[in-house]
Amino acid sequence: MTTFETFGWGFLGSAAVEVVTLVALYSSPVRRLPSRYHKAGFWITRAGLAVLAGFLAVAYEIDKRILAFNVGAATPLLVTFMARGIRLMTADAALPQGGVKPEPPREQSHDRDVAETPRRSHGRLRD
């Protein structure tokens with residue numbers, strides 16, 4: 001697959017997200033488009049995101065159409081996570097000071113109740 005094909009499939013994957021959203025809005029009983037769809041800024045931003053999706057698919061060096069499409073569809077989520085500055089932490093940094101104290105095991109009475117419940121077969125109790 002060429003670089004342009006990879007870009008195109010990534011672009012289409014991102015655009016497909018908006019198409020699915022529009023179909024869901026059209027299928028709803030209200031059938032009113034949100035105000036964002038009437039603003040040029042939204043469409044410019046959305047087109048920019050689709051272009052970014054195409055570049056991201058190329059950057060990942062994807063050689064399969066469906067994978068490029070998937071990366072394009074996932075791009076809004078990937079960009080959101082990057083924008084929020086999600087950081088990787090070590091396990092020690094994630095734990096509170098002093099570590100975590102293990103909880104004692106609880107009795108699993110619910111599992112026992114389910115195991116001891118008589119089973120039904122076609123509406124009748126089995127022995």
# chains A, B, ... in the order shown; residues from 1 in each chain; ligands from 1
>>> residues_around(residues="Ile62 in chain A", least_positions_apart="2", cutoff="12 Å", atoms="only C-alpha atoms", output="JSON, numbers by chain")
{"A": [1, 2, 3, 4, 5, 6, 7, 8, 9, 10, 54, 55, 56, 57, 58, 59, 60, 64, 65, 66, 67, 68, 69, 70, 71, 72]}
>>> closest_atom_pairs(of="range 4-29 of chain A", to="range 73-77 of chain A", cutoff="7 Å", atoms="only C-alpha atoms", output="tab-separated table")
residue	atom	partner	partner_atom	distance
A:Gly13	CA	A:Ala73	CA	4.4
A:Ser14	CA	A:Ala73	CA	4.3
A:Ala16	CA	A:Ala73	CA	7.0
A:Val17	CA	A:Ala73	CA	6.0
>>> write_last_selection(atoms="N, CA and C atoms", output="PDB file, in the first residue's frame")
ATOM      1  N   GLY A  13     -11.190   6.903   7.968  1.00  0.00           N
ATOM      2  CA  GLY A  13     -11.554   6.380   9.289  1.00  0.00           C
ATOM      3  C   GLY A  13     -11.981   7.481  10.225  1.00  0.00           C
ATOM      4  N   SER A  14     -11.275   8.602  10.179  1.00  0.00           N
ATOM      5  CA  SER A  14     -11.641   9.730  11.030  1.00  0.00           C
ATOM      6  C   SER A  14     -12.957  10.352  10.578  1.00  0.00           C
ATOM      7  N   ALA A  16     -15.338   8.835   9.078  1.00  0.00           N
ATOM      8  CA  ALA A  16     -16.414   7.886   9.350  1.00  0.00           C
ATOM      9  C   ALA A  16     -17.004   8.087  10.747  1.00  0.00           C
ATOM     10  N   VAL A  17     -16.183   8.519  11.684  1.00  0.00           N
ATOM     11  CA  VAL A  17     -16.674   8.788  13.043  1.00  0.00           C
ATOM     12  C   VAL A  17     -17.774   9.850  12.990  1.00  0.00           C
TER      13      VAL A  17
END
>>> select_by_dssp(residues="range 10-39 of chain A", states="helix (DSSP H, G or I)", output="list of chain:residue names")
A:Gly10, A:Phe11, A:Leu12, A:Gly13, A:Ser14, A:Ala15, A:Ala16, A:Val17, A:Glu18, A:Val19, A:Val20, A:Thr21, A:Leu22, A:Val23, A:Ala24, A:Leu25, A:Tyr26, A:Ser27, A:Ser35, A:Arg36, A:Tyr37, A:His38
